[in-house]
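Asker: Dropping in entry-v2.txt, which is compact mmCIF, C-alpha atoms:
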```txt
# COMPACT_ATOMS: atom_id res chain seq x y z
CA MET A 1 -24.08 17.64 79.04
CA ALA A 2 -22.97 14.50 77.20
CA VAL A 3 -20.92 11.92 79.10
CA ASP A 4 -17.58 11.10 77.52
CA GLY A 5 -17.54 7.56 76.11
CA ALA A 6 -14.19 6.61 77.67
CA HIS A 7 -15.35 7.85 81.07
CA LEU A 8 -18.63 5.96 80.76
CA ARG A 9 -16.73 2.78 79.89
CA SER A 10 -14.57 3.13 83.01
CA VAL A 11 -17.65 3.60 85.20
CA LEU A 12 -19.49 0.64 83.67
CA SER A 13 -16.41 -1.54 84.17
CA GLN A 14 -17.10 -1.39 87.92
CA TRP A 15 -20.24 -3.49 87.37
CA PRO A 16 -19.27 -7.20 87.54
CA SER A 17 -20.91 -9.61 85.14
CA GLY A 18 -20.77 -13.19 84.01
CA VAL A 19 -19.19 -14.17 80.71
CA ALA A 20 -20.84 -16.02 77.83
CA VAL A 21 -19.66 -17.15 74.42
CA VAL A 22 -22.19 -16.12 71.76
CA THR A 23 -22.15 -18.33 68.68
CA THR A 24 -24.06 -18.62 65.45
CA MET A 25 -23.86 -20.63 62.23
CA VAL A 26 -24.10 -19.05 58.80
CA THR A 27 -23.92 -20.22 55.20
CA GLU A 28 -20.99 -18.60 53.42
CA PRO A 29 -21.07 -17.56 49.73
CA ASP A 30 -19.23 -20.77 48.84
CA GLY A 31 -22.07 -22.79 50.37
CA ALA A 32 -20.10 -23.93 53.40
CA ARG A 33 -21.64 -23.72 56.86
CA ARG A 34 -19.23 -22.02 59.26
CA PRO A 35 -19.49 -21.06 62.93
CA HIS A 36 -18.81 -17.58 64.27
CA GLY A 37 -18.52 -16.50 67.88
CA MET A 38 -17.39 -13.96 70.44
CA THR A 39 -17.50 -13.35 74.18
CA ALA A 40 -20.23 -11.15 75.60
CA SER A 41 -21.07 -9.92 79.08
CA SER A 42 -24.10 -7.80 78.14
CA PHE A 43 -26.56 -10.68 78.51
CA SER A 44 -29.85 -10.62 80.39
CA SER A 45 -32.94 -12.71 80.95
CA VAL A 46 -36.07 -11.02 79.61
CA SER A 47 -39.03 -13.30 80.20
CA LEU A 48 -39.85 -16.80 81.46
CA ASP A 49 -43.16 -17.04 79.60
CA PRO A 50 -42.45 -16.86 76.75
CA PRO A 51 -38.80 -17.82 77.34
CA LEU A 52 -36.81 -14.81 76.15
CA VAL A 53 -33.26 -13.57 76.71
CA SER A 54 -31.29 -10.67 75.28
CA VAL A 55 -27.71 -10.03 74.27
CA CYS A 56 -26.17 -6.78 73.02
CA LEU A 57 -23.58 -6.97 70.24
CA GLY A 58 -21.52 -4.07 68.90
CA ASN A 59 -22.50 -2.98 65.40
CA HIS A 60 -18.86 -3.08 64.28
CA LEU A 61 -18.47 -6.77 65.14
CA PRO A 62 -18.68 -9.51 62.50
CA THR A 63 -20.68 -11.76 64.84
CA ARG A 64 -23.45 -9.15 65.05
CA LEU A 65 -23.90 -9.26 61.28
CA MET A 66 -23.77 -13.07 61.30
CA VAL A 67 -26.48 -13.33 63.97
CA GLU A 68 -28.64 -10.93 62.00
CA ARG A 69 -28.18 -12.99 58.83
CA ALA A 70 -28.66 -16.38 60.44
CA GLY A 71 -31.58 -15.47 62.71
CA VAL A 72 -30.26 -17.81 65.42
CA PHE A 73 -27.67 -17.73 68.19
CA ALA A 74 -26.53 -19.76 71.19
CA LEU A 75 -25.02 -18.80 74.52
CA SER A 76 -22.50 -20.86 76.50
CA PHE A 77 -21.91 -19.60 80.05
CA LEU A 78 -18.29 -19.91 81.20
CA GLY A 79 -17.09 -21.31 84.51
CA LYS A 80 -14.23 -20.13 86.70
CA ASP A 81 -11.79 -22.48 84.95
CA GLN A 82 -12.59 -21.23 81.43
CA ALA A 83 -10.95 -17.80 81.36
CA GLU A 84 -8.69 -18.96 78.51
CA ILE A 85 -11.77 -19.71 76.40
CA GLY A 86 -13.09 -16.26 77.23
CA ARG A 87 -9.83 -14.65 76.12
CA ARG A 88 -9.78 -16.69 72.93
CA PHE A 89 -13.29 -15.59 71.90
CA ALA A 90 -12.51 -12.01 72.91
CA GLY A 91 -9.88 -12.00 70.13
CA ALA A 92 -6.81 -12.10 72.35
CA ARG A 93 -4.92 -13.99 69.62
CA PRO A 94 -5.95 -12.69 66.19
CA GLY A 95 -5.91 -15.25 63.42
CA GLU A 96 -6.39 -18.23 65.75
CA ASP A 97 -9.26 -20.62 65.04
CA ARG A 98 -11.42 -19.90 68.07
CA PHE A 99 -13.34 -23.16 67.79
CA ALA A 100 -10.36 -25.52 67.40
CA GLY A 101 -9.56 -28.01 70.15
CA LEU A 102 -12.77 -27.51 72.15
CA ASP A 103 -15.70 -29.89 72.60
CA TRP A 104 -18.83 -28.61 70.87
CA LEU A 105 -22.36 -29.85 70.41
CA THR A 106 -25.34 -28.47 68.52
CA GLY A 107 -28.95 -27.93 69.46
CA PRO A 108 -32.12 -27.42 67.43
CA THR A 109 -30.85 -24.26 65.71
CA GLY A 110 -27.55 -25.84 64.63
CA CYS A 111 -25.49 -23.29 66.56
CA PRO A 112 -22.38 -24.69 68.30
CA MET A 113 -22.42 -24.74 72.10
CA LEU A 114 -19.63 -25.63 74.51
CA ALA A 115 -20.11 -29.14 75.84
CA ASP A 116 -18.67 -28.21 79.26
CA ALA A 117 -20.30 -24.80 79.68
CA THR A 118 -21.97 -24.12 83.02
CA GLY A 119 -25.18 -23.30 81.16
CA ARG A 120 -26.36 -23.40 77.53
CA LEU A 121 -29.15 -21.56 75.73
CA ASP A 122 -30.12 -22.16 72.09
CA CYS A 123 -32.17 -19.30 70.63
CA THR A 124 -33.97 -18.01 67.58
CA VAL A 125 -33.96 -14.24 67.05
CA GLU A 126 -37.33 -12.85 68.08
CA HIS A 127 -36.49 -9.13 67.82
CA ALA A 128 -33.52 -6.96 66.90
CA TYR A 129 -33.59 -3.43 68.27
CA PRO A 130 -31.16 -0.59 67.55
CA GLY A 131 -29.29 0.42 70.69
CA GLY A 132 -26.90 3.21 69.73
CA ASP A 133 -23.60 1.61 68.67
CA HIS A 134 -24.99 -1.84 69.58
CA THR A 135 -27.85 -4.05 68.44
CA ILE A 136 -30.08 -5.60 71.10
CA PHE A 137 -31.02 -9.12 70.05
CA VAL A 138 -33.96 -10.69 71.88
CA GLY A 139 -33.91 -14.44 71.47
CA ARG A 140 -36.57 -17.07 72.09
CA VAL A 141 -35.02 -19.97 73.97
CA VAL A 142 -35.73 -23.27 72.21
CA ASP A 143 -33.35 -25.42 74.26
CA ALA A 144 -31.55 -25.02 77.59
CA ALA A 145 -29.23 -27.15 79.71
CA VAL A 146 -26.92 -27.10 82.75
CA PRO A 147 -24.05 -29.39 81.69
CA ARG A 148 -22.07 -28.95 84.91
CA ILE A 149 -22.12 -26.97 88.14
CA THR A 150 -19.17 -24.84 89.15
CA ALA A 151 -18.46 -21.26 90.19
CA PRO A 152 -18.81 -18.70 87.40
CA LEU A 153 -16.20 -16.76 85.48
CA LEU A 154 -16.59 -13.04 86.11
CA PHE A 155 -15.56 -9.94 84.21
CA HIS A 156 -14.88 -6.85 86.29
CA SER A 157 -12.80 -3.74 85.73
CA ARG A 158 -11.62 -5.16 82.38
CA ALA A 159 -10.19 -8.26 84.04
CA TRP A 160 -11.22 -11.89 84.40
CA GLY A 161 -11.94 -13.08 87.92
CA GLN A 162 -13.89 -15.29 90.29
CA LEU A 163 -16.27 -14.74 93.16
CA ALA A 164 -14.62 -13.35 96.29
CA ASP A 165 -16.52 -15.40 98.85
CA PRO A 166 -17.16 -13.79 102.25
CA LEU A 167 -16.42 -15.51 105.51
CA PRO A 168 -19.37 -17.29 107.14
CA GLU A 169 -21.06 -15.59 110.04
CA GLU A 170 -20.74 -18.74 112.15
CA ILE A 171 -19.07 -22.14 112.06
CA THR A 172 -19.80 -25.30 114.03
CA MET A 173 -17.25 -27.83 115.21
CA THR A 174 -17.52 -31.48 116.10
CA VAL A 175 -14.68 -32.92 118.19
CA LEU A 176 -14.18 -36.45 116.92
CA ASP A 177 -12.11 -37.73 119.84
CA ASP A 178 -14.24 -36.16 122.59
CA PRO A 179 -15.70 -39.04 124.64
CA ALA A 180 -18.81 -36.96 125.30
CA ALA A 181 -19.47 -36.27 121.62
CA THR A 182 -22.08 -38.26 119.76
CA VAL A 183 -20.49 -38.76 116.36
CA PRO A 184 -21.88 -41.38 113.98
CA HIS A 185 -19.34 -43.82 112.63
CA PRO A 186 -18.50 -42.46 109.18
CA LEU A 187 -18.61 -44.45 106.00
CA LEU A 188 -15.59 -43.86 103.79
CA VAL A 189 -16.23 -43.33 100.09
CA ARG A 190 -13.39 -43.69 97.63
CA ASP A 191 -15.38 -43.09 94.45
CA SER A 192 -18.91 -43.26 93.05
CA GLY A 193 -18.73 -47.06 93.09
CA ASP A 194 -19.14 -46.95 96.88
CA VAL A 195 -22.37 -44.92 96.79
CA ALA A 196 -24.70 -47.95 96.70
CA GLN A 197 -23.29 -49.10 100.04
CA VAL A 198 -23.94 -45.66 101.54
CA ALA A 199 -27.50 -45.54 100.20
CA ALA A 200 -28.22 -48.99 101.64
CA ALA A 201 -26.91 -47.99 105.07
CA ALA A 202 -28.84 -44.70 105.03
CA ALA A 203 -32.08 -46.61 104.50
CA HIS A 204 -31.80 -47.80 108.11
CA ALA A 205 -30.13 -44.89 109.94
CA PRO A 206 -28.57 -41.48 109.24
CA VAL A 207 -25.11 -41.78 107.72
CA LEU A 208 -22.04 -39.55 107.64
CA ALA A 209 -20.26 -40.30 104.36
CA TYR A 210 -16.72 -39.00 103.94
CA VAL A 211 -15.13 -38.80 100.51
CA THR A 212 -11.57 -39.82 101.36
CA ASP A 213 -8.40 -38.24 100.01
CA ALA A 214 -10.71 -35.51 98.76
CA PHE A 215 -7.99 -32.96 98.01
CA SER A 216 -5.58 -35.04 95.96
CA PRO A 217 -5.12 -33.33 92.56
CA ALA A 218 -5.04 -36.70 90.80
CA ARG A 219 -8.43 -37.58 92.28
CA GLU A 220 -10.32 -34.36 91.61
CA ALA A 221 -12.61 -35.78 88.91
CA ALA A 222 -13.36 -38.92 90.94
CA VAL A 223 -14.02 -36.89 94.09
CA LEU A 224 -16.48 -34.55 92.38
CA ALA A 225 -18.21 -37.50 90.70
CA ALA A 226 -18.64 -39.14 94.12
CA ILE A 227 -20.01 -35.89 95.56
CA ASP A 228 -22.49 -35.65 92.68
CA ALA A 229 -23.63 -39.22 93.36
CA LEU A 230 -23.98 -38.64 97.13
CA ALA A 231 -25.67 -35.23 96.95
CA GLY A 232 -29.34 -35.43 97.70
CA LEU A 233 -29.35 -39.00 99.05
CA PRO A 234 -31.86 -39.13 101.92
CA GLY A 235 -30.32 -39.55 105.35
CA VAL A 236 -26.76 -38.85 104.16
CA THR A 237 -24.55 -36.07 105.50
CA LEU A 238 -21.62 -35.52 103.15
CA GLY A 239 -18.05 -34.73 104.15
CA CYS A 240 -14.65 -34.25 102.53
CA ALA A 241 -11.66 -35.73 104.33
CA GLU A 242 -8.04 -34.69 103.86
CA THR A 243 -6.09 -37.96 103.91
CA SER A 244 -2.74 -36.70 102.63
CA PRO A 245 -1.45 -33.12 103.05
CA ALA A 246 -3.17 -30.85 100.54
CA SER A 247 -2.35 -27.44 99.17
CA PRO A 248 -4.75 -24.56 99.86
CA LEU A 249 -5.22 -24.11 96.11
CA GLN A 250 -6.49 -27.67 95.71
CA VAL A 251 -8.70 -27.37 98.79
CA ARG A 252 -10.20 -24.28 97.20
CA ARG A 253 -10.73 -25.98 93.82
CA VAL A 254 -12.59 -28.94 95.30
CA LEU A 255 -14.64 -27.19 97.97
CA GLN A 256 -15.72 -24.34 95.74
CA ASP A 257 -17.37 -26.90 93.46
CA ALA A 258 -18.51 -29.28 96.20
CA VAL A 259 -20.42 -26.59 98.10
CA VAL A 260 -22.26 -25.50 94.95
CA ARG A 261 -23.14 -29.08 93.99
CA THR A 262 -24.59 -30.02 97.38
CA ARG A 263 -26.59 -26.91 98.19
CA PRO A 264 -28.69 -26.44 100.24
CA ALA A 265 -27.16 -29.30 102.24
CA PRO A 266 -23.88 -28.39 103.98
CA VAL A 267 -20.51 -30.06 103.42
CA ARG A 268 -18.48 -31.16 106.45
CA VAL A 269 -14.70 -31.00 106.27
CA ARG A 270 -12.05 -32.96 108.15
CA LEU A 271 -8.58 -31.45 107.77
CA LEU A 272 -5.06 -32.37 108.84
CA ALA A 273 -3.00 -30.08 111.08
CA HIS A 274 0.10 -30.44 108.86
CA HIS A 275 2.44 -28.07 110.74
CA GLY A 276 -0.01 -25.18 110.75
CA LEU A 277 -1.11 -25.51 107.12
CA GLY A 278 -4.36 -26.95 108.40
CA LEU A 279 -5.41 -23.52 109.65
CA VAL A 280 -4.69 -22.03 106.23
CA ASN A 281 -6.84 -24.76 104.68
CA ALA A 282 -9.55 -24.09 107.28
CA LEU A 283 -9.60 -20.42 106.28
CA VAL A 284 -9.78 -21.44 102.61
CA ALA A 285 -12.65 -23.80 103.44
CA MET A 286 -14.56 -21.01 105.18
CA LYS A 287 -14.04 -18.74 102.18
CA SER A 288 -15.34 -21.55 99.97
CA GLY A 289 -18.63 -21.76 101.87
CA VAL A 290 -17.86 -24.46 104.45
CA HIS A 291 -19.12 -23.85 107.99
CA ARG A 292 -18.99 -27.35 109.53
CA PHE A 293 -15.65 -28.75 110.67
CA ASP A 294 -14.67 -32.03 112.29
CA THR A 295 -11.71 -31.50 114.62
CA VAL A 296 -9.75 -33.28 117.35
CA LEU A 297 -8.63 -32.63 120.91
CA ASP A 298 -5.36 -34.53 120.63
CA PRO A 299 -2.86 -32.64 118.40
CA GLY A 300 -0.80 -35.82 118.17
CA SER A 301 -3.54 -37.53 116.14
CA GLY A 302 -2.68 -35.42 113.09
CA GLY A 303 -6.14 -33.90 112.79
CA LEU A 304 -6.94 -30.19 112.98
CA PRO A 305 -7.00 -29.23 116.69
CA ALA A 306 -10.32 -27.81 117.85
CA GLN A 307 -8.53 -25.29 120.05
CA ASP A 308 -6.62 -23.85 117.09
CA LEU A 309 -9.70 -23.60 114.89
CA LEU A 310 -11.66 -21.91 117.65
CA LEU A 311 -8.89 -19.33 118.07
CA LEU A 312 -8.77 -18.72 114.30
CA ALA A 313 -12.52 -18.21 114.14
CA ARG A 314 -12.47 -15.70 116.99
CA GLN A 315 -9.58 -13.78 115.40
CA LEU A 316 -11.54 -13.61 112.11
CA GLY A 317 -14.70 -12.43 113.83
CA VAL A 318 -16.52 -15.66 112.93
CA ALA A 319 -18.87 -16.88 115.63
CA CYS A 320 -18.33 -20.41 116.96
CA ALA A 321 -20.38 -22.10 119.64
CA PRO A 322 -18.19 -22.79 122.69
CA LEU A 323 -17.30 -26.38 123.44
CA PRO A 324 -16.71 -27.75 126.95
CA GLY A 325 -13.07 -27.45 127.98
CA LEU A 326 -12.05 -25.22 125.04
CA HIS A 327 -10.94 -21.66 125.67
CA PRO A 328 -9.60 -19.54 122.76
```
For the file at hand, write its structure as structure tokens.

Answerer:
Amino acid sequence: MAVDGAHLRSVLSQWPSGVAVVTTMVTEPDGARRPHGMTASSFSSVSLDPPLVSVCLGNHLPTRLMVERAGVFALSFLGKDQAEIGRRFAGARPGEDRFAGLDWLTGPTGCPMLADATGRLDCTVEHAYPGGDHTIFVGRVVDAAVPRITAPLLFHSRAWGQLADPLPEEITMTVLDDPAATVPHPLLVRDSGDVAQVAAAAAHAPVLAYVTDAFSPAREAAVLAAIDALAGLPGVTLGCAETSPASPLQVRRVLQDAVVRTRPAPVRVRLLAHHGLGLVNALVAMKSGVHRFDTVLDPGSGGLPAQDLLLLARQLGVACAPLPGLHP
């Protein structure tokens, strides 16, 4: 018995996927070279040797015909902050120039690719197979790049979304004002200009480098640039310090990117108590992949109290090694 198309679509919508913008460049009858593009989620890797990928395009779509004519296409993977680009290339606003106002570059095939995509592939068409109401294009990758690292944009149940990160199984805490704790004196990093000083210090002994005021919206670009510069330095443990009270949304924005950029090394976080908002930010940090926290015993210091974080972890079912004198 045949499966109804509408029902099949609703079932397939439960499978989450990434989002890419597929572009090509064709010569129009008037001789002008013009770009064409659309969003696609039916993308897959095919082979590493030779380097092949595939994308499925509906036969009714103009871009499918353009790719067939041109024999080339490019893919730009979208990040979590690029849902508006995804909507634009999905045709959310008919008549709008989809390419206007965005930064583009071209590779060997001449196809436009987003300069700030999370990944780029430039391809020549190797095969085109009929696939019912779609055409399956297999492309040979001639150029590839990772322009930036951030969490991906997802498409699920006909809606744009982001990864729903699980809580960690376990967190660890360091109590900064515990006389018995052995905590290295941290080096404070304001921006990437301070990285040389950190590298020089780490050549002699392990260093804890804190990016200060890490969750200020005005400093987001500088903070992430400093994290990029610090990531991978031998002997350096990297941390993000909340210097002025931060919103959970900004904590999420920074840590979601910071954790991805520094993997597999962990990111330590030092938060402010801020009338209970610190626990909200601690929960956001856990959901963003952080499992190392620097806390305090003295609530009057303004830092996140170790006792409160321990209680939060136990209530969430997150394991936390007991510390002397702390009882949740």

Asker: Give me, as a Markdown table, each residue of segment 84-195 of chain A that comes within 12 Å of segment 6-21 of chain A, together with its shortest interatomic pair and the distance in Å at one decimal, counting only C-alpha atoms, with rows ordered by chain and rising residue number.

Answerer:
```
| residue | atom | partner | partner_atom | distance |
| --- | --- | --- | --- | --- |
| A:Glu84 | CA | A:Val19 | CA | 11.7 |
| A:Ile85 | CA | A:Val21 | CA | 8.5 |
| A:Gly86 | CA | A:Val21 | CA | 7.2 |
| A:Arg87 | CA | A:Val21 | CA | 10.3 |
| A:Arg88 | CA | A:Val21 | CA | 10.0 |
| A:Phe89 | CA | A:Val21 | CA | 7.0 |
| A:Ala90 | CA | A:Val21 | CA | 8.9 |
| A:Gly91 | CA | A:Val21 | CA | 11.9 |
| A:Arg98 | CA | A:Val21 | CA | 10.8 |
| A:Phe99 | CA | A:Val21 | CA | 11.0 |
| A:Cys111 | CA | A:Val21 | CA | 11.6 |
| A:Pro112 | CA | A:Val21 | CA | 10.1 |
| A:Met113 | CA | A:Val21 | CA | 8.4 |
| A:Leu114 | CA | A:Val21 | CA | 8.5 |
| A:Ala117 | CA | A:Ala20 | CA | 9.0 |
| A:Thr118 | CA | A:Ala20 | CA | 9.7 |
| A:Gly119 | CA | A:Ala20 | CA | 9.1 |
| A:Arg120 | CA | A:Ala20 | CA | 9.2 |
| A:Leu121 | CA | A:Ala20 | CA | 10.2 |
| A:Asp122 | CA | A:Val21 | CA | 11.8 |
| A:Ala151 | CA | A:Gly18 | CA | 10.4 |
| A:Pro152 | CA | A:Gly18 | CA | 6.8 |
| A:Leu153 | CA | A:Gly18 | CA | 6.0 |
| A:Leu154 | CA | A:Gly18 | CA | 4.7 |
| A:Phe155 | CA | A:Ser17 | CA | 5.4 |
| A:His156 | CA | A:Pro16 | CA | 4.6 |
| A:Ser157 | CA | A:Ser13 | CA | 4.5 |
| A:Arg158 | CA | A:Ser13 | CA | 6.3 |
| A:Ala159 | CA | A:Ser13 | CA | 9.2 |
| A:Trp160 | CA | A:Val19 | CA | 9.1 |
| A:Gly161 | CA | A:Pro16 | CA | 9.4 |
| A:Gln162 | CA | A:Gly18 | CA | 9.5 |
| A:Leu163 | CA | A:Pro16 | CA | 9.9 |
| A:Ala164 | CA | A:Pro16 | CA | 11.7 |
```

Asker: Could you check the closest approach to Pro35 of chain A for each of A:Met173, A:Ala144, A:Ala100, A:Ala200 and tell me which residue wins, using all atoms listed in the file?

Answerer: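 Between A:Met173, A:Ala144, A:Ala100, A:Ala200, the residue approaching Pro35 of chain A most closely is A:Ala100.
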
Asker: Determine, counting all atoms listed in the file, which protein, DNA and RNA residues have an atom within 12 Å of an atom of Pro206 of chain A; residues of the same chain fewer than 4 positions away are not included. Present the result as a list in words.

Answerer: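 Final neighbour list, sorted by chain and number: Val183, Pro184, His185, Pro186, Leu187, Val198, Ala199, Ala200, Ala201, Ala202, Leu233, Pro234, Gly235, Val236, Thr237 and Leu238 of chain A.
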
Asker: Let me make sure I understand: among A:Glu220, A:Asp103, A:Asp143, A:Asp294, which one has the smallest atom-to-atom distance to Gly239 of chain A if we use all atoms listed in the file?

Answerer: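 Answer, going by the shortest atom-to-atom distance: A:Asp294.
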
Asker: Do you know which residues are at most 10 Å from Arg270 of chain A counting all atoms listed in the file, after dropping those on the same chain fewer than 5 positions away, and could you put them as a PyMOL selection string?

Answerer: chain A and resi 174+176+210+212+214+239-243+278+282+292-296+303-304
